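Here is entry-v7.cif, consisting of mmCIF, C-alpha atoms:
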```cif
data_run
loop_
_atom_site.label_atom_id
_atom_site.label_comp_id
_atom_site.auth_asym_id
_atom_site.auth_seq_id
_atom_site.Cartn_x
_atom_site.Cartn_y
_atom_site.Cartn_z
CA MET F 1 -18.88 60.55 118.59
CA SER F 2 -20.73 63.15 120.60
CA PRO F 3 -19.85 66.87 120.55
CA GLY F 4 -17.44 68.03 123.22
CA GLN F 5 -15.06 65.11 122.82
CA ARG F 6 -12.41 67.16 121.05
CA CYS F 7 -8.89 66.17 122.04
CA GLU F 8 -7.47 68.42 124.78
CA GLY F 9 -3.92 67.99 123.48
CA TYR F 10 -1.92 71.14 122.78
CA ARG F 11 -3.07 72.55 119.41
CA CYS F 12 -4.61 69.19 118.51
CA LYS F 13 -7.78 69.30 116.39
CA GLU F 14 -8.52 65.58 116.42
CA GLN F 15 -11.49 63.98 118.13
CA GLY F 16 -10.80 62.42 121.49
CA THR F 17 -11.23 58.68 121.91
CA LYS F 18 -9.88 58.16 125.44
CA MET F 19 -11.30 59.81 128.54
CA CYS F 20 -9.15 60.91 131.49
CA SER F 21 -9.62 58.04 133.93
CA ALA F 22 -9.28 60.30 136.97
CA CYS F 23 -11.71 63.18 136.43
CA LYS F 24 -13.63 61.71 133.47
CA LYS F 25 -14.14 65.20 132.06
CA VAL F 26 -11.68 65.56 129.17
CA TRP F 27 -10.75 63.48 126.15
CA TYR F 28 -7.56 62.73 124.25
CA CYS F 29 -6.90 61.19 120.87
CA SER F 30 -3.63 59.52 121.91
CA LYS F 31 -1.31 58.78 124.80
CA ARG F 32 1.09 61.38 123.42
CA CYS F 33 -1.49 64.18 123.60
CA GLN F 34 -2.46 63.17 127.11
CA THR F 35 1.20 63.20 128.25
CA GLU F 36 1.88 66.61 126.67
CA ALA F 37 -1.24 68.15 128.21
CA TRP F 38 -0.92 66.51 131.60
CA ASP F 39 1.06 69.26 133.39
CA LEU F 40 -1.72 71.70 132.45
CA HIS F 41 -4.68 69.41 132.93
CA ILE F 42 -3.58 68.33 136.40
CA PHE F 43 -4.79 71.69 137.80
CA GLN F 44 -8.35 70.82 136.71
CA CYS F 45 -8.11 67.10 137.49
CA THR F 46 -8.74 65.25 140.75
CA VAL F 47 -5.26 63.77 141.23
CA PRO F 48 -2.75 65.17 143.77
CA ILE F 49 -0.61 68.08 142.54
CA HIS F 50 3.13 68.16 143.27
CA THR F 51 5.07 71.40 143.80
CA ALA F 52 6.93 70.72 140.53
CA HIS F 53 3.63 71.23 138.69
CA PHE F 54 3.36 74.72 140.22
CA LEU F 55 6.98 75.33 139.18
CA LYS F 56 6.34 74.33 135.58
CA LYS F 57 3.21 76.47 135.46
CA ALA F 58 5.21 79.45 136.77
CA CYS F 59 7.77 78.95 134.00
CA ARG F 60 5.03 78.76 131.37
CA ASP F 61 3.37 81.94 132.72
CA ASN F 62 6.74 83.70 133.17
CA LEU F 63 5.83 84.53 136.78
CA PHE F 64 7.42 83.71 140.12
CA PRO F 65 5.64 80.81 141.86
CA THR F 66 3.32 81.93 144.64
CA ASP F 67 2.68 78.53 146.26
CA HIS F 68 4.68 78.64 149.49
CA GLN F 69 5.93 75.03 149.46
CA THR F 70 6.97 75.36 145.81
CA ARG F 71 9.03 78.43 146.69
CA ILE F 72 10.74 76.47 149.47
CA ASP F 73 11.31 73.29 147.42
CA TYR F 74 12.87 75.06 144.43
CA GLY F 75 14.91 77.81 146.06
CA PHE F 76 12.79 80.93 145.55
CA GLU F 77 12.51 81.63 149.27
CA ARG F 78 16.32 81.85 149.52
CA ALA F 79 16.97 83.49 146.16
CA GLY F 80 15.99 86.98 147.33
CA LYS F 81 16.53 89.60 144.62
CA SER F 82 17.85 86.91 142.26
CA GLN F 83 14.49 85.18 141.76
CA SER F 84 14.46 86.23 138.08
CA LYS F 85 17.75 84.38 137.54
CA LEU F 86 16.35 81.27 139.22
CA LEU F 87 13.16 81.40 137.14
CA GLY F 88 15.29 81.84 134.01
CA LEU F 89 17.28 78.73 134.95
CA TYR F 90 14.14 76.59 135.23
CA LYS F 91 12.71 78.03 132.00
CA GLU F 92 15.92 77.11 130.17
CA LEU F 93 15.76 73.64 131.69
CA TRP F 94 12.38 73.05 130.03
CA ILE F 95 13.41 74.77 126.80
CA MET F 96 16.28 72.31 126.45
CA GLU F 97 14.20 69.33 127.58
CA PRO F 98 10.56 70.02 126.59
CA SER F 99 9.64 66.37 127.26
CA LEU F 100 10.75 66.65 130.90
CA VAL F 101 7.64 66.04 132.99
CA ALA F 102 6.99 67.77 136.29
CA ARG F 103 6.73 64.40 138.03
CA GLU F 104 10.40 63.70 137.23
CA VAL F 105 11.54 67.09 138.55
CA HIS F 106 9.51 66.37 141.70
CA ARG F 107 11.42 63.08 142.06
CA TRP F 108 14.73 64.96 141.77
CA GLN F 109 13.74 67.34 144.51
CA LYS F 110 12.42 64.66 146.88
CA ASN F 111 15.52 62.48 146.42
CA GLY F 112 17.90 65.39 147.02
CA ILE F 113 19.42 65.23 143.52
CA LEU F 114 17.90 68.40 142.02
CA VAL F 115 21.24 70.24 141.77
CA GLN F 116 22.97 67.17 140.35
CA LYS F 117 20.28 66.63 137.71
CA ILE F 118 20.26 70.30 136.66
CA LYS F 119 24.02 70.11 136.11
CA GLU F 120 23.69 66.86 134.15
CA THR F 121 20.93 68.30 131.94
CA PHE F 122 22.93 71.40 131.04
CA ALA F 123 26.11 69.35 130.48
CA THR F 124 24.24 66.98 128.17
CA ALA F 125 22.76 69.91 126.28
CA ALA F 126 26.24 71.37 125.78
CA LEU F 127 27.57 68.06 124.43
CA GLU F 128 24.62 67.78 122.06
CA GLY F 129 25.16 71.33 120.79
CA LYS F 130 21.92 72.74 122.15
CA PHE F 131 22.58 76.47 122.38
CA THR F 132 21.35 78.29 125.47
CA THR F 133 22.02 81.70 126.96
CA GLY F 134 24.23 80.04 129.59
CA GLU F 135 24.10 83.07 131.88
CA TYR F 136 21.50 81.51 134.17
CA PHE F 137 23.53 78.33 134.50
CA LEU F 138 26.67 80.25 135.41
CA TRP F 139 24.67 82.15 138.01
CA PHE F 140 23.36 78.81 139.32
CA LEU F 141 26.91 77.43 139.74
CA ALA F 142 27.76 80.39 141.96
CA HIS F 143 24.55 80.08 144.00
CA GLU F 144 24.17 76.39 144.83
CA TRP F 145 23.71 77.44 148.45
CA ILE F 146 20.14 78.38 147.51
CA PHE F 147 19.28 74.68 147.34
CA ASP F 148 20.74 73.50 150.64
CA ASP F 149 21.07 74.53 154.28
CA ARG F 150 24.27 76.54 153.97
CA PRO F 151 24.08 80.12 155.32
CA ILE F 152 23.16 82.75 152.78
CA PRO F 153 26.43 84.59 151.99
CA GLU F 154 26.63 88.31 152.66
CA GLU F 155 28.21 89.00 149.25
CA ASP F 156 26.96 87.88 145.86
CA ARG F 157 29.51 85.49 144.40
CA SER F 158 28.43 85.91 140.76
CA GLU F 159 31.12 88.55 140.14
CA ARG F 160 33.71 86.18 141.60
CA LEU F 161 32.58 83.56 139.14
CA ILE F 162 32.97 86.02 136.24
CA GLU F 163 36.52 86.66 137.46
CA ASN F 164 37.17 82.92 137.32
CA LEU F 165 35.82 82.83 133.79
CA GLY F 166 38.19 85.68 133.00
CA ALA F 167 41.14 83.27 133.08
CA LYS F 168 40.14 82.22 129.58
CA VAL F 169 40.14 85.87 128.47
CA TRP F 170 43.62 86.48 129.90
CA ALA F 171 44.88 83.40 128.07
CA PHE F 172 43.29 84.68 124.86
CA LEU F 173 44.85 88.14 125.31
CA GLY F 174 48.25 86.68 126.19
CA LYS F 175 48.62 88.63 129.42
CA ASP F 176 47.03 88.75 132.87
CA ASP F 177 45.97 92.22 134.04
CA SER F 178 43.55 90.92 136.67
CA LYS F 179 45.13 93.11 139.36
CA GLU F 180 44.36 96.23 137.31
CA LEU F 181 40.84 95.09 136.38
CA PRO F 182 39.07 96.78 139.36
CA GLN F 183 40.56 100.15 138.31
CA TRP F 184 39.39 99.86 134.70
CA SER F 185 36.58 102.08 133.44
CA GLN F 186 33.04 100.66 133.44
CA ASP F 187 33.10 100.49 129.64
CA ARG F 188 36.36 98.54 129.58
CA GLN F 189 35.07 96.13 132.22
CA SER F 190 31.92 95.61 130.11
CA CYS F 191 34.13 94.71 127.14
CA PHE F 192 36.07 92.26 129.31
CA ARG F 193 32.84 90.66 130.49
CA HIS F 194 31.66 90.45 126.87
CA TYR F 195 34.92 88.71 125.90
CA SER F 196 34.38 86.15 128.67
CA PHE F 197 30.88 85.46 127.38
CA LEU F 198 32.12 85.07 123.81
CA LEU F 199 35.00 82.75 124.70
CA TRP F 200 32.73 80.59 126.86
CA ASP F 201 30.06 80.56 124.13
CA ILE F 202 27.51 82.30 126.37
CA ARG F 203 24.71 84.38 124.89
CA PRO F 204 23.66 87.46 126.92
CA GLY F 205 19.90 87.40 127.51
CA PRO F 206 17.55 90.40 127.97
CA GLU F 207 18.31 90.39 131.70
CA SER F 208 22.00 91.01 130.99
CA PRO F 209 23.35 94.61 130.99
CA LEU F 210 25.24 93.63 127.81
CA TRP F 211 22.11 92.81 125.79
CA ILE F 212 21.40 96.31 124.42
CA PRO F 213 24.88 97.95 124.37
CA PHE F 214 26.39 95.17 122.24
CA GLY F 215 23.37 94.88 119.95
CA TYR F 216 21.93 91.48 120.87
CA CYS F 217 18.59 93.26 121.12
CA VAL F 218 18.31 93.45 117.29
CA ALA F 219 17.89 89.68 116.99
CA LYS F 220 14.42 88.36 116.15
CA ASN F 221 15.21 84.73 117.05
CA ASP F 222 17.89 82.39 118.37
CA ALA F 223 19.52 81.95 114.95
CA VAL F 224 20.07 85.71 114.60
CA GLU F 225 21.43 85.97 118.16
CA ILE F 226 23.92 83.24 117.31
CA ALA F 227 24.87 85.24 114.19
CA VAL F 228 25.64 88.24 116.43
CA ILE F 229 27.88 86.07 118.60
CA ARG F 230 29.69 84.62 115.57
CA LEU F 231 30.23 88.15 114.26
CA TYR F 232 31.87 89.21 117.53
CA ILE F 233 33.98 86.06 117.73
CA ASP F 234 35.32 86.80 114.25
CA LEU F 235 35.89 90.42 115.28
CA ILE F 236 37.96 89.70 118.40
CA HIS F 237 40.20 87.50 116.28
CA ARG F 238 40.82 90.40 113.87
CA CYS F 239 41.42 93.24 116.33
CA ASN F 240 43.14 93.57 119.68
CA PHE F 241 41.44 94.23 123.00
CA ASP F 242 42.50 97.87 123.17
CA GLU F 243 41.01 98.53 119.71
CA PHE F 244 37.78 96.81 120.74
CA CYS F 245 37.48 98.83 123.96
CA ALA F 246 38.33 102.12 122.26
CA ALA F 247 35.68 101.50 119.59
CA TYR F 248 33.07 100.60 122.20
CA GLU F 249 33.82 103.62 124.36
CA SER F 250 33.58 105.97 121.36
CA SER F 251 30.38 104.45 119.92
CA SER F 252 32.33 103.33 116.84
CA LEU F 253 32.17 99.56 117.28
CA PHE F 254 30.28 99.12 114.03
CA ARG F 255 33.00 101.08 112.17
CA LEU F 256 35.52 98.62 113.60
CA ILE F 257 33.37 95.76 112.31
CA GLU F 258 33.42 97.37 108.86
CA LYS F 259 37.17 98.00 109.05
CA CYS F 260 37.73 94.31 109.78
CA GLY F 261 35.70 93.27 106.74
CA LEU F 262 32.77 91.87 108.68
CA THR F 263 29.97 94.23 107.58
CA PRO F 264 26.57 92.45 107.78
CA VAL F 265 24.26 92.36 104.77
CA PRO F 266 22.54 95.83 104.72
CA ASP F 267 19.00 94.43 104.37
CA GLY F 268 19.66 91.28 106.41
CA PRO F 269 18.59 90.32 109.94
CA LEU F 270 21.42 92.41 111.46
CA ARG F 271 20.46 95.58 109.57
CA HIS F 272 19.79 97.50 112.79
CA LEU F 273 23.07 96.57 114.45
CA SER F 274 24.72 99.74 113.14
CA THR F 275 21.87 101.84 114.58
CA VAL F 276 22.39 100.42 118.07
CA LEU F 277 26.19 100.45 118.05
CA SER F 278 26.42 104.01 116.66
CA THR F 279 25.08 105.42 119.96
CA SER F 280 25.96 102.65 122.43
CA PRO F 281 26.89 102.63 125.26
CA ARG F 282 25.90 106.26 125.92
CA MET F 283 22.30 106.12 124.72
CA ASN F 284 19.80 104.04 122.76
CA HIS F 285 16.28 104.30 121.34
CA SER F 286 13.69 103.53 124.01
CA VAL F 287 12.20 100.81 121.77
CA TRP F 288 15.09 98.53 122.71
CA ASP F 289 14.37 99.06 126.42
CA LEU F 290 10.71 98.33 125.69
CA LYS F 291 11.67 95.07 124.00
CA ARG F 292 13.94 94.17 126.90
CA SER F 293 11.23 94.79 129.49
CA VAL F 294 8.48 92.79 127.76
CA ILE F 295 10.51 89.74 126.66
CA GLY F 296 12.86 89.60 129.63
CA THR F 297 12.15 88.07 133.01
CA ASP F 298 11.44 90.59 135.77
CA VAL F 299 12.91 93.56 133.86
CA PRO F 300 10.92 96.68 134.81
CA PRO F 301 10.44 99.36 132.12
CA VAL F 302 12.78 102.34 132.38
CA ARG F 303 11.40 105.88 132.55
CA SER F 304 11.67 106.52 128.81
CA VAL F 305 9.62 103.39 128.11
CA VAL F 306 6.99 104.39 130.67
CA ALA F 307 6.61 107.78 128.98
CA ASP F 308 6.99 106.80 125.31
CA TYR F 309 4.96 103.61 125.20
CA GLY F 310 2.00 104.33 127.43
CA PHE F 311 2.78 102.63 130.73
CA MET F 312 2.26 106.00 132.43
CA ASN F 313 -1.40 105.73 131.38
CA CYS F 314 -1.92 102.38 133.12
CA ARG F 315 -4.00 102.64 136.27
CA THR F 316 -3.93 98.99 137.29
CA GLN F 317 -1.63 96.01 137.08
CA ASP F 318 -4.08 94.45 134.62
CA ASP F 319 -3.61 97.48 132.34
CA ARG F 320 0.17 97.12 132.50
CA GLU F 321 0.05 93.41 131.77
CA ALA F 322 -2.40 93.86 128.89
CA LEU F 323 -0.20 96.56 127.34
CA ALA F 324 2.93 94.46 127.77
CA ASP F 325 1.18 91.45 126.20
CA VAL F 326 0.33 93.46 123.06
CA TYR F 327 3.90 94.71 122.71
CA ARG F 328 5.23 91.21 123.35
CA ALA F 329 3.04 89.83 120.58
CA ALA F 330 4.25 92.59 118.24
CA PHE F 331 7.92 91.83 118.93
CA GLY F 332 7.19 88.16 118.28
CA HIS F 333 5.94 88.86 114.74
CA LYS F 334 8.60 88.13 112.14
CA ASP F 335 7.78 91.23 110.07
CA MET F 336 7.60 93.79 112.85
CA ASP F 337 10.51 96.25 112.64
CA GLU F 338 11.73 97.78 115.91
CA VAL F 339 13.07 100.96 114.30
CA GLU F 340 9.79 101.48 112.45
CA LEU F 341 7.95 101.06 115.78
CA HIS F 342 10.26 103.70 117.29
CA GLN F 343 9.49 106.07 114.41
CA ALA F 344 5.75 105.44 114.75
CA CYS F 345 6.04 106.22 118.47
CA LEU F 346 7.67 109.58 117.69
CA ARG F 347 4.80 110.37 115.32
CA GLY F 348 2.24 109.49 118.00
CA GLU F 349 1.05 106.55 115.88
CA THR F 350 2.15 103.61 118.04
CA LEU F 351 -1.16 101.72 117.92
CA ASP F 352 -1.60 102.22 114.18
CA TYR F 353 1.73 100.49 113.64
CA VAL F 354 1.30 97.75 116.25
CA LYS F 355 -2.13 96.63 115.05
CA ARG F 356 -0.63 95.79 111.65
CA PHE F 357 0.91 92.79 113.41
CA VAL F 358 -1.37 92.17 116.39
CA PRO F 359 -5.09 91.68 115.65
CA LEU F 360 -7.26 93.39 118.26
CA LYS F 361 -10.97 93.19 118.97
CA PRO F 362 -12.76 96.58 118.82
CA LEU F 363 -13.00 96.86 122.61
CA ASP F 364 -9.33 95.97 123.05
CA GLU F 365 -8.34 98.41 120.32
CA ARG F 366 -10.13 101.27 122.09
CA LYS F 367 -8.41 100.38 125.32
CA MET F 368 -4.98 100.19 123.68
CA ARG F 369 -5.50 103.50 121.90
CA LYS F 370 -6.00 105.18 125.27
CA LEU F 371 -3.06 103.39 126.87
CA MET F 372 -0.60 103.98 124.01
CA GLN F 373 -1.12 107.73 123.94
CA ASN F 374 2.08 109.74 124.42
CA VAL F 375 3.32 113.33 124.06
CA TYR F 376 4.34 112.88 120.42
CA PRO F 377 4.54 114.39 117.93
CA LEU F 378 6.15 117.31 119.72
CA THR F 379 4.93 120.73 118.67
CA GLU F 380 7.53 122.87 116.93
CA PHE F 381 7.77 126.48 118.08
#
```

Give the structure from this file in structure tokens form.
Amino acid sequence: MSPGQRCEGYRCKEQGTKMCSACKKVWYCSKRCQTEAWDLHIFQCTVPIHTAHFLKKACRDNLFPTDHQTRIDYGFERAGKSQSKLLGLYKELWIMEPSLVAREVHRWQKNGILVQKIKETFATAALEGKFTTGEYFLWFLAHEWIFDDRPIPEEDRSERLIENLGAKVWAFLGKDDSKELPQWSQDRQSCFRHYSFLLWDIRPGPESPLWIPFGYCVAKNDAVEIAVIRLYIDLIHRCNFDEFCAAYESSSLFRLIEKCGLTPVPDGPLRHLSTVLSTSPRMNHSVWDLKRSVIGTDVPPVRSVVADYGFMNCRTQDDREALADVYRAAFGHKDMDEVELHQACLRGETLDYVKRFVPLKPLDERKMRKLMQNVYPLTEF
């Protein structure tokens, strides 16, 4: 077999034995590899490309689609400021069904059954116990008008949907104070929203305002996020709502967890939960905002992140994306510790810590050293 016939399948190292019959430029070792690689290869092939292929590529790149017809076909033109929610919905669709090919999604859209099929896919995933954040799907249920010709409503109905979900919270609490809810403090309303998520088995994602204050940001993977949810579900069955709200408002939620006999293992995956909850919701280390901005969808960095982690040094969009990519890779490493990164940042040693987990070429390292410069350590007078 001649050189250059390596299989183009994702992460496949076998030699290709079958050539793409359309472009006759790439090889595959099996039908399976060809199918898995097709939605990528189609952009280099000679066959027609459907808008669903642009949609899937946008999900893979974590970017809004730019192709105009794709934006029309899949709701982005009507989504307005909620495009990140819509992109999150499609990303979750493919996370739950990785074998779903773009051609099938194109068929849904052309036959006018896209909304129906999205609902069916999420319902099936729920029955099969596939755990998802759920927030994007709930947003989708309140915004079906994006996919049809109905007028765009003047008011966002997502809050109305949360109120509907609140019926389960009132039943759990044994009383209905929905009339007083609008007069509650912001902290108490956040606790109510968190209860609704817990009782509906919904996991707040990085785009949610609950993600940092309630400590979901400490999780390194889905299993740990689920552990956080299970911890809170146990907690709300051992304390009343007033106790929960009072603890949250006074930054003593972790003490309530300890009081209820639910203290996590000190050196376990939830070891930083006490660090977050001991200052939440008033303040938090900027490292958690950094994590939120680089792993979330369309979450811009807050001012503290811009100053502490070098985004103020970026002159171009390419600089910002390159810096975010390095941080994203660091957060994805199983041994990287967010609190240790925060401490390294305060010492002015951000790159020295990050490169322990992210290998960099000499040229890239020089670039990152310039970008990651900050004002630390502060000089003592």

I need the output of the PyMOL selection byres ((chain F and resi 245-250) around 10) for this file as a list in words; which residues are they? Ser185, Gln186, Asp187, Arg188, Gln189, Ser190, Cys191, Phe192, Pro213, Phe214, Asn240, Phe241, Asp242, Glu243, Phe244, Ser251, Ser252, Leu253, Phe254, Arg255, Leu256, Ile257, Leu277, Ser278, Thr279, Ser280, Pro281 and Arg282 of chain F

Have a look at CA of Lys24 (chain F) and CA of Ile49 (chain F) and let me know their distance in Å, one decimal. 17.1 Å

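Excluding Gln116 (chain F) and any residue on its chain fewer than 3 positions from it, the residues at most 12 Å away by only C-alpha atoms are Val105, Trp108, Gln109, Asn111, Gly112, Ile113, Lys119, Glu120, Thr121, Phe122, Ala123, Phe140, Leu141, Glu144 and Phe147 of chain F.
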
Go through the shown structure with the PyMOL selection byres ((chain F and resi 332) around 12) and write out the matching residues as a list in words.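 Written out, the selection comes to Ala219, Lys220, Asn221, Lys291, Val294, Ile295, Asp325, Val326, Tyr327, Arg328, Ala329, Ala330, Phe331, His333, Lys334, Asp335, Met336, Asp337, Glu338, Val354, Phe357 and Val358 of chain F.
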
Work out how far apart CA of Ile146 (chain F) and CA of Arg78 (chain F) are and give it in Å to one decimal.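 Pair CA of Ile146 (chain F) / CA of Arg78 (chain F) returns 5.5 Å.
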